$ cat my_file_19.txt   # compact mmCIF, C-alpha atoms
# COMPACT_ATOMS: atom_id res chain seq x y z
CA MET A 48 -49.93 62.53 -53.91
CA GLU A 49 -52.26 59.68 -53.04
CA ASN A 50 -50.93 57.45 -50.28
CA ALA A 51 -49.81 53.96 -51.23
CA VAL A 52 -51.72 52.65 -48.18
CA LYS A 53 -55.01 53.85 -46.72
CA THR A 54 -54.95 52.08 -43.34
CA ILE A 55 -51.96 50.92 -41.29
CA GLY A 56 -52.17 48.30 -38.59
CA VAL A 57 -49.58 48.15 -35.82
CA LEU A 58 -48.81 45.27 -33.46
CA THR A 59 -46.13 44.19 -31.01
CA SER A 60 -45.04 40.58 -31.01
CA GLY A 61 -42.77 38.33 -28.97
CA GLY A 62 -41.13 39.58 -25.77
CA ASP A 63 -41.97 43.09 -24.61
CA ALA A 64 -39.22 45.70 -24.60
CA PRO A 65 -38.95 49.22 -23.15
CA GLY A 66 -39.45 51.69 -25.98
CA MET A 67 -42.14 49.72 -27.81
CA ASN A 68 -44.68 52.33 -26.74
CA ALA A 69 -42.53 55.07 -28.23
CA ALA A 70 -42.52 53.16 -31.53
CA ILE A 71 -46.31 52.65 -31.42
CA ARG A 72 -46.79 56.35 -30.73
CA ALA A 73 -44.56 57.29 -33.65
CA VAL A 74 -46.39 54.95 -36.02
CA VAL A 75 -49.78 56.36 -35.07
CA ARG A 76 -48.86 60.04 -35.15
CA SER A 77 -46.74 59.77 -38.30
CA ALA A 78 -49.56 57.98 -40.11
CA VAL A 79 -52.21 60.46 -38.95
CA ALA A 80 -50.00 63.32 -40.12
CA LYS A 81 -50.02 61.75 -43.60
CA GLY A 82 -53.78 61.27 -43.61
CA ILE A 83 -53.53 57.50 -43.12
CA LYS A 84 -55.88 55.68 -40.75
CA VAL A 85 -54.37 53.51 -38.02
CA LYS A 86 -55.66 50.40 -36.32
CA GLY A 87 -54.04 48.91 -33.25
CA ILE A 88 -53.89 45.12 -33.05
CA ARG A 89 -53.77 43.78 -29.50
CA ARG A 90 -51.75 40.74 -28.42
CA GLY A 91 -49.66 40.39 -31.56
CA TYR A 92 -50.48 37.80 -34.20
CA ALA A 93 -52.73 35.97 -31.73
CA GLY A 94 -54.84 39.11 -31.44
CA LEU A 95 -54.88 39.50 -35.21
CA LEU A 96 -56.35 36.02 -35.61
CA ASN A 97 -58.89 36.82 -32.88
CA GLU A 98 -59.69 40.18 -34.54
CA GLU A 99 -58.68 42.22 -31.49
CA ILE A 100 -58.45 45.32 -33.62
CA GLU A 101 -59.31 48.92 -32.69
CA ASP A 102 -59.09 52.35 -34.30
CA MET A 103 -56.29 54.57 -33.02
CA THR A 104 -55.87 58.33 -33.10
CA SER A 105 -53.14 60.70 -31.95
CA ARG A 106 -54.99 60.92 -28.67
CA SER A 107 -54.80 57.12 -28.27
CA VAL A 108 -51.05 57.34 -27.77
CA SER A 109 -50.87 60.34 -25.44
CA GLU A 110 -48.79 59.88 -22.29
CA ILE A 111 -47.28 56.53 -23.28
CA ILE A 112 -43.76 57.38 -24.44
CA GLN A 113 -42.41 57.16 -20.88
CA LYS A 114 -44.05 53.80 -20.10
CA GLY A 115 -42.38 50.40 -20.30
CA GLY A 116 -44.04 47.36 -21.83
CA THR A 117 -46.53 47.77 -24.66
CA ILE A 118 -50.02 49.26 -24.51
CA LEU A 119 -51.04 46.87 -27.30
CA TYR A 120 -49.92 43.87 -25.23
CA THR A 121 -48.00 41.03 -26.78
CA ALA A 122 -48.24 37.26 -27.11
CA ARG A 123 -46.67 34.37 -28.94
CA CYS A 124 -48.82 32.52 -31.45
CA GLU A 125 -48.09 29.01 -32.69
CA GLU A 126 -51.09 29.06 -35.02
CA PHE A 127 -49.66 31.97 -36.98
CA LYS A 128 -46.55 29.93 -37.79
CA THR A 129 -48.72 27.71 -40.02
CA PRO A 130 -49.69 28.56 -43.62
CA GLU A 131 -53.36 28.34 -42.62
CA GLY A 132 -52.87 30.81 -39.79
CA GLN A 133 -50.98 33.20 -42.04
CA ARG A 134 -53.68 33.09 -44.72
CA LEU A 135 -56.32 33.76 -42.08
CA GLY A 136 -54.27 36.70 -40.80
CA ALA A 137 -54.08 38.20 -44.29
CA GLU A 138 -57.82 37.73 -44.79
CA ILE A 139 -58.55 39.47 -41.48
CA CYS A 140 -56.29 42.38 -42.43
CA LYS A 141 -58.19 42.79 -45.68
CA LYS A 142 -61.54 42.45 -43.90
CA HIS A 143 -60.61 45.40 -41.66
CA GLY A 144 -59.18 47.44 -44.52
CA ILE A 145 -55.60 47.10 -43.28
CA ASP A 146 -53.37 47.30 -46.34
CA GLY A 147 -50.18 48.15 -44.45
CA LEU A 148 -48.81 46.61 -41.27
CA VAL A 149 -46.02 47.63 -38.88
CA VAL A 150 -44.71 44.69 -36.85
CA ILE A 151 -42.59 45.55 -33.81
CA GLY A 152 -40.67 42.52 -32.60
CA GLY A 153 -37.79 40.15 -33.32
CA ASP A 154 -36.78 37.69 -36.02
CA GLY A 155 -39.77 35.43 -35.35
CA SER A 156 -42.08 38.38 -35.79
CA TYR A 157 -40.30 39.27 -39.04
CA LYS A 158 -41.05 35.82 -40.44
CA GLY A 159 -44.74 36.44 -39.83
CA ALA A 160 -44.49 39.83 -41.52
CA GLN A 161 -42.74 38.23 -44.49
CA ALA A 162 -45.59 35.72 -44.84
CA LEU A 163 -48.19 38.48 -44.79
CA ALA A 164 -46.25 40.43 -47.41
CA SER A 165 -46.39 37.40 -49.72
CA LEU A 166 -50.16 37.35 -49.22
CA GLY A 167 -50.68 40.94 -50.33
CA ILE A 168 -50.33 42.94 -47.10
CA ASN A 169 -47.62 45.59 -47.22
CA THR A 170 -45.45 44.99 -44.15
CA VAL A 171 -42.55 46.71 -42.40
CA GLY A 172 -40.72 45.28 -39.38
CA VAL A 173 -39.26 47.33 -36.54
CA PRO A 174 -36.66 45.62 -34.27
CA GLY A 175 -38.07 45.32 -30.76
CA THR A 176 -36.10 43.05 -28.41
CA ILE A 177 -33.84 43.58 -25.42
CA ASP A 178 -31.54 40.81 -26.68
CA LEU A 179 -29.84 42.80 -29.50
CA ASP A 180 -29.82 39.54 -31.46
CA ILE A 181 -31.19 40.76 -34.80
CA ALA A 182 -28.32 40.54 -37.26
CA SER A 183 -29.46 43.29 -39.63
CA THR A 184 -29.28 46.08 -37.04
CA GLU A 185 -26.80 47.43 -34.52
CA TYR A 186 -29.62 48.64 -32.27
CA THR A 187 -32.84 47.02 -31.10
CA ILE A 188 -35.59 48.72 -29.10
CA GLY A 189 -35.21 47.98 -25.40
CA PHE A 190 -31.58 46.91 -25.27
CA ASP A 191 -30.31 50.20 -23.86
CA THR A 192 -32.88 50.23 -21.06
CA ALA A 193 -32.30 46.55 -20.26
CA VAL A 194 -28.53 46.88 -19.89
CA ASN A 195 -28.91 49.99 -17.73
CA THR A 196 -31.44 48.18 -15.51
CA ALA A 197 -29.11 45.19 -15.20
CA MET A 198 -26.06 47.37 -14.61
CA GLU A 199 -27.73 49.17 -11.71
CA ALA A 200 -28.85 45.88 -10.14
CA ILE A 201 -25.36 44.39 -10.47
CA ASP A 202 -23.83 47.47 -8.79
CA LYS A 203 -26.10 46.81 -5.80
CA ILE A 204 -25.23 43.11 -5.68
CA ARG A 205 -21.54 44.03 -5.81
CA ASP A 206 -21.94 46.03 -2.60
CA THR A 207 -23.23 42.95 -0.76
CA SER A 208 -20.70 40.68 -2.44
CA THR A 209 -17.90 42.96 -1.24
CA SER A 210 -19.30 43.22 2.28
CA HIS A 211 -19.50 39.44 2.65
CA GLU A 212 -16.30 38.71 0.70
CA ARG A 213 -18.16 36.27 -1.51
CA CYS A 214 -18.35 35.25 -5.14
CA SER A 215 -21.53 36.35 -6.93
CA ILE A 216 -22.86 34.82 -10.13
CA ILE A 217 -25.35 37.18 -11.74
CA GLU A 218 -27.45 35.82 -14.58
CA VAL A 219 -28.76 38.30 -17.14
CA MET A 220 -31.24 37.82 -19.97
CA GLY A 221 -30.56 37.61 -23.69
CA ARG A 222 -31.78 34.14 -24.70
CA ASN A 223 -28.95 32.66 -26.77
CA ALA A 224 -27.18 35.98 -27.31
CA GLY A 225 -24.54 37.38 -24.96
CA TYR A 226 -24.80 41.11 -25.65
CA ILE A 227 -26.41 42.07 -22.34
CA ALA A 228 -23.87 39.95 -20.50
CA LEU A 229 -20.96 41.46 -22.42
CA TRP A 230 -22.06 45.06 -21.90
CA CYS A 231 -22.80 44.52 -18.21
CA GLY A 232 -19.55 42.65 -17.76
CA ILE A 233 -17.62 45.63 -19.07
CA ALA A 234 -19.78 48.28 -17.38
CA ASN A 235 -19.78 46.54 -13.99
CA GLY A 236 -16.13 45.51 -14.02
CA ALA A 237 -16.86 41.80 -13.71
CA GLU A 238 -14.02 39.36 -13.15
CA ASP A 239 -15.55 36.76 -15.49
CA ILE A 240 -18.11 37.09 -18.30
CA LEU A 241 -19.74 33.93 -19.65
CA LEU A 242 -21.16 34.32 -23.15
CA PRO A 243 -22.97 31.61 -25.16
CA GLU A 244 -20.93 32.61 -28.20
CA ARG A 245 -17.58 32.12 -26.44
CA TYR A 246 -17.92 29.99 -23.30
CA ASP A 247 -16.06 26.68 -23.47
CA TYR A 248 -17.70 25.26 -20.30
CA ASN A 249 -14.31 24.96 -18.63
CA GLU A 250 -15.57 25.61 -15.09
CA GLN A 251 -12.20 24.68 -13.63
CA ALA A 252 -10.68 27.72 -15.32
CA ILE A 253 -13.18 29.94 -13.50
CA ILE A 254 -12.41 28.23 -10.21
CA ASN A 255 -8.67 28.72 -10.78
CA HIS A 256 -9.29 32.38 -11.59
CA ILE A 257 -11.27 32.91 -8.37
CA ILE A 258 -8.55 31.27 -6.26
CA ALA A 259 -5.79 33.25 -7.97
CA LYS A 260 -7.64 36.54 -7.43
CA ARG A 261 -8.23 35.72 -3.75
CA LYS A 262 -4.51 35.05 -3.28
CA MET A 263 -3.83 38.46 -4.82
CA GLY A 264 -6.05 40.05 -2.18
CA LYS A 265 -9.29 40.33 -4.12
CA SER A 266 -12.04 40.04 -1.51
CA HIS A 267 -14.95 39.38 -3.87
CA HIS A 268 -15.54 38.01 -7.38
CA ILE A 269 -18.28 38.95 -9.86
CA ILE A 270 -19.30 36.55 -12.64
CA ILE A 271 -21.80 37.71 -15.25
CA ASN A 272 -23.55 34.68 -16.71
CA ALA A 273 -25.71 34.86 -19.83
CA GLU A 274 -29.17 33.30 -19.89
CA GLY A 275 -28.10 31.12 -22.82
CA ILE A 276 -25.68 29.33 -20.47
CA GLY A 277 -27.87 29.42 -17.37
CA HIS A 278 -27.67 26.96 -14.44
CA SER A 279 -26.30 29.74 -12.23
CA THR A 280 -27.53 28.22 -8.96
CA SER A 281 -25.91 24.82 -9.52
CA MET A 282 -22.77 26.54 -10.79
CA ALA A 283 -22.61 28.54 -7.55
CA ARG A 284 -22.84 25.36 -5.48
CA ARG A 285 -20.02 23.73 -7.42
CA ILE A 286 -17.77 26.78 -7.19
CA GLU A 287 -18.34 27.12 -3.43
CA ALA A 288 -17.54 23.43 -2.94
CA ALA A 289 -14.34 23.71 -4.99
CA THR A 290 -13.04 27.00 -3.54
CA GLY A 291 -14.46 27.13 -0.02
CA ILE A 292 -15.57 30.67 -0.82
CA GLU A 293 -19.22 31.56 -0.16
CA THR A 294 -20.87 31.79 -3.58
CA ARG A 295 -24.37 33.02 -4.37
CA ALA A 296 -26.38 33.21 -7.60
CA SER A 297 -28.73 36.05 -8.50
CA ILE A 298 -31.00 35.70 -11.54
CA LEU A 299 -32.19 39.16 -12.57
CA GLY A 300 -34.96 37.82 -14.80
CA TYR A 301 -37.87 39.83 -16.14
CA MET A 302 -37.02 43.04 -14.32
CA GLN A 303 -34.74 43.69 -17.32
CA ARG A 304 -37.72 43.80 -19.69
CA GLY A 305 -39.62 46.42 -17.70
CA GLY A 306 -39.17 49.97 -16.54
CA ARG A 307 -39.16 53.44 -18.03
CA PRO A 308 -37.23 53.45 -21.33
CA THR A 309 -34.03 55.43 -21.55
CA CYS A 310 -33.73 58.52 -23.72
CA LYS A 311 -31.98 56.48 -26.41
CA ASP A 312 -34.74 53.87 -26.51
CA ARG A 313 -37.41 56.58 -26.73
CA VAL A 314 -35.69 58.53 -29.49
CA TYR A 315 -34.47 55.63 -31.62
CA ALA A 316 -37.80 53.79 -31.31
CA SER A 317 -39.63 56.97 -32.36
CA ILE A 318 -37.42 57.40 -35.42
CA MET A 319 -37.84 53.75 -36.41
CA GLY A 320 -41.61 53.88 -36.03
CA ALA A 321 -41.82 57.01 -38.15
CA LYS A 322 -39.53 55.53 -40.80
CA ALA A 323 -41.74 52.42 -41.00
CA VAL A 324 -44.71 54.63 -41.86
CA ASP A 325 -42.63 56.49 -44.46
CA LEU A 326 -41.80 53.19 -46.15
CA LEU A 327 -45.44 52.09 -46.28
CA ALA A 328 -46.52 55.51 -47.54
CA GLU A 329 -43.99 55.11 -50.37
CA GLY A 330 -45.63 51.81 -51.35
CA LYS A 331 -42.80 49.64 -50.04
CA SER A 332 -43.32 46.26 -48.41
CA ASN A 333 -41.42 43.34 -46.93
CA ARG A 334 -38.88 45.70 -45.36
CA VAL A 335 -37.28 46.00 -41.93
CA VAL A 336 -36.06 49.23 -40.37
CA CYS A 337 -32.48 48.99 -39.07
CA TYR A 338 -29.71 51.08 -37.55
CA LYS A 339 -26.35 50.66 -39.26
CA GLY A 340 -23.22 52.79 -39.18
CA GLY A 341 -24.95 55.70 -37.48
CA GLU A 342 -27.88 55.80 -39.91
CA PHE A 343 -31.42 54.46 -40.03
CA VAL A 344 -31.76 52.25 -43.10
CA ASP A 345 -34.02 49.46 -44.32
CA TYR A 346 -33.51 46.01 -45.80
CA ASP A 347 -35.63 43.38 -47.47
CA ILE A 348 -36.91 41.02 -44.75
CA HIS A 349 -35.54 37.95 -46.52
CA GLU A 350 -32.12 39.59 -46.78
CA ALA A 351 -32.25 40.63 -43.12
CA LEU A 352 -33.15 37.14 -41.94
CA GLN A 353 -30.19 35.67 -43.85
CA MET A 354 -27.68 37.91 -42.08
CA LYS A 355 -25.47 36.50 -39.33
CA LYS A 356 -24.34 38.20 -36.14
CA ASP A 357 -21.64 37.46 -33.60
CA ILE A 358 -20.13 39.13 -30.55
CA PRO A 359 -17.65 41.80 -31.80
CA GLU A 360 -14.24 40.28 -31.28
CA ASP A 361 -12.62 43.58 -30.26
CA GLN A 362 -15.24 44.15 -27.55
CA TYR A 363 -14.74 40.62 -26.25
CA ARG A 364 -10.97 41.06 -26.24
CA ILE A 365 -11.28 44.34 -24.34
CA SER A 366 -13.61 42.72 -21.79
CA LYS A 367 -10.98 40.05 -21.14
CA THR A 368 -8.20 42.64 -20.79
CA LEU A 369 -10.17 44.79 -18.38
$ encode --input "my_file_19.txt" --output "C-alpha cells"
Amino acid sequence: MENAVKTIGVLTSGGDAPGMNAAIRAVVRSAVAKGIKVKGIRRGYAGLLNEEIEDMTSRSVSEIIQKGGTILYTARCEEFKTPEGQRLGAEICKKHGIDGLVVIGGDGSYKGAQALASLGINTVGVPGTIDLDIASTEYTIGFDTAVNTAMEAIDKIRDTSTSHERCSIIEVMGRNAGYIALWCGIANGAEDILLPERYDYNEQAIINHIIAKRKMGKSHHIIINAEGIGHSTSMARRIEAATGIETRASILGYMQRGGRPTCKDRVYASIMGAKAVDLLAEGKSNRVVCYKGGEFVDYDIHEALQMKKDIPEDQYRISKTL
C-alpha cells in the first residue's frame, strides 16, 4: 500500500535528554524499512528556519544508541513561536519535500508541531525531557537516566556529609516539576524532600526537623531540593546560622542531562520513535506518542496539551513516611 508520507523529517527541540539518539535512530531505520525517505533537521526549529536539513540513511544513525545528547543538536527558537515563523517553517518543509515530521521534545515543542500540523505538515510528537513534566505520558525520554545519574551523585555526597557530620542540600533539575527530586529523595533516603508542587516555604519546619534528628543521634541530614524552588546556597547559609550545624549546598546541574542512557531510556525511546513513524505511515497527524498504563499509545496534541499532571499523592505520602 502506498505510504501516506513520502519523506519524514526528524528534529530534537528544547533541552537535550539521554535517549534522544535512540529515538532518532528508530525514526530513521523504521522509516527506511517502510521505503520512506528521512531528512534530519539540525538545531530544532531554529535549524528548520535556517534550512539546516540533511538526508539520513540507516548508516547515518549507526553507533549512536549508546550516546547521550542528540546528534541533531538542539536549540530554542523564539521566532518559531510567532505565526510568521511557523508559516515559514511549513513552507521550508514543503520546499524540501518533508510531508511528515517527528518532533522529539517537550510541551513547547509540541505546540510547534501542532502549528505545523495546522499548516499541512503531518506531525507526531515524541516526549523527550528529563523533567517527566508532560501530562499525557507516564514516561519521558531521559528521565530514567537523569534520576540514576542524580542518585549516584547524591550517594557520593552522602558519604562526605556523613564523614563531616553536616547537613547537605542537594539541588536537582526538573524546572517547575518535582519528579526528579521525589524519586531521588526516596531512592537516596533523604530526610527532607522539597517539591515545587508541595513545598510551603516553611523553612523553620526544616530547621526544627534537623535539630530533632540531631538530638536523636542522626549525624548528618540530606535535603533534596528541586530546581523549581532553588536558592540552595542561601538556604544552606540560613540553616547553618539557625542550627549551628555545618551546612553545604551542591547543585548537580547539567550533569543530569548527559551521559549514556539507561537500558529503559534506550528501549522506550526506540519504541516511541518507531511508533511515531507508524502513525505517519498510516496518514495520521497532530499526534503525540505516550506511555500510559504499561502501553504505548497516542493522543491528539491539543488533547495532550490540555491534560494536567501532579505529583502522585501516594508516592509523596510514602516519601514522607520513609
$ residues_near_point --input "my_file_19.txt" --point "(-34.2, 41.5, -20.7)" --cutoff "10 Å" --atoms "all atoms listed in the file" --output "compact mmCIF listing (two decimals) with C-alpha atoms, keeping the file's coordinate frame"
# COMPACT_ATOMS: atom_id res chain seq x y z
CA GLY A 62 -41.13 39.58 -25.77
CA ASP A 63 -41.97 43.09 -24.61
CA ALA A 64 -39.22 45.70 -24.60
CA PRO A 65 -38.95 49.22 -23.15
CA THR A 176 -36.10 43.05 -28.41
CA ILE A 177 -33.84 43.58 -25.42
CA ASP A 178 -31.54 40.81 -26.68
CA LEU A 179 -29.84 42.80 -29.50
CA GLY A 189 -35.21 47.98 -25.40
CA PHE A 190 -31.58 46.91 -25.27
CA THR A 192 -32.88 50.23 -21.06
CA ALA A 193 -32.30 46.55 -20.26
CA VAL A 194 -28.53 46.88 -19.89
CA THR A 196 -31.44 48.18 -15.51
CA ALA A 197 -29.11 45.19 -15.20
CA VAL A 219 -28.76 38.30 -17.14
CA MET A 220 -31.24 37.82 -19.97
CA GLY A 221 -30.56 37.61 -23.69
CA ARG A 222 -31.78 34.14 -24.70
CA ILE A 227 -26.41 42.07 -22.34
CA GLU A 274 -29.17 33.30 -19.89
CA LEU A 299 -32.19 39.16 -12.57
CA GLY A 300 -34.96 37.82 -14.80
CA TYR A 301 -37.87 39.83 -16.14
CA MET A 302 -37.02 43.04 -14.32
CA GLN A 303 -34.74 43.69 -17.32
CA ARG A 304 -37.72 43.80 -19.69
CA GLY A 305 -39.62 46.42 -17.70
$ closest_residue --input "my_file_19.txt" --among "A:Lys260, A:Arg334, A:Lys355, A:Lys339" --to "A:Lys322" --atoms "all atoms listed in the file"
A:Arg334
$ residues_around --input "my_file_19.txt" --residues "A:Lys53" --least-positions-apart "5" --cutoff "9 Å" --atoms "only C-alpha atoms" --output "number ranges by chain"
A: 82-85, 144-147, 328
$ atom_distance --input "my_file_19.txt" --atom1 "atom CA of A:Ala122" --atom2 "atom CA of A:Gly159"
13.2 Å
$ closest_residue --input "my_file_19.txt" --among "A:Val173, A:Ala78, A:Ala73, A:Ile88" --to "A:Tyr120" --atoms "all atoms listed in the file"
A:Ile88
$ residues_around --input "my_file_19.txt" --residues "A:Gly94" --least-positions-apart "3" --cutoff "9 Å" --atoms "all atoms listed in the file" --output "PyMOL selection string"
chain A and resi 58+88-91+97-100+121-122+124
$ atom_distance --input "my_file_19.txt" --atom1 "atom CA of A:Gly152" --atom2 "atom CA of A:Gly175"
4.2 Å
$ atom_distance --input "my_file_19.txt" --atom1 "atom CA of A:Leu148" --atom2 "atom CA of A:Val52"
9.6 Å
$ residues_around --input "my_file_19.txt" --residues "A:Gln353" --least-positions-apart "4" --cutoff "10 Å" --atoms "all atoms listed in the file" --output "list in words"
Ala182, Ser183, Ile348 and His349 of chain A
$ closest_residue --input "my_file_19.txt" --among "A:Ser77, A:Ser107, A:Thr117, A:Asn195" --to "A:Thr59" --atoms "only C-alpha atoms"
A:Thr117
$ closest_residue --input "my_file_19.txt" --among "A:Val171, A:Cys231, A:Ile276, A:Ile271" --to "A:Tyr246" --atoms "only C-alpha atoms"
A:Ile276
$ residues_around --input "my_file_19.txt" --residues "A:Lys86" --least-positions-apart "4" --cutoff "6 Å" --atoms "only C-alpha atoms" --output "PDB file with C-alpha atoms, in the frame of the given file"
ATOM      1  CA  GLY A  56     -52.170  48.300 -38.590  1.00  0.00           C
ATOM      2  CA  GLU A 101     -59.310  48.920 -32.690  1.00  0.00           C
ATOM      3  CA  ASP A 102     -59.090  52.350 -34.300  1.00  0.00           C
ATOM      4  CA  MET A 103     -56.290  54.570 -33.020  1.00  0.00           C
TER       5      MET A 103
END
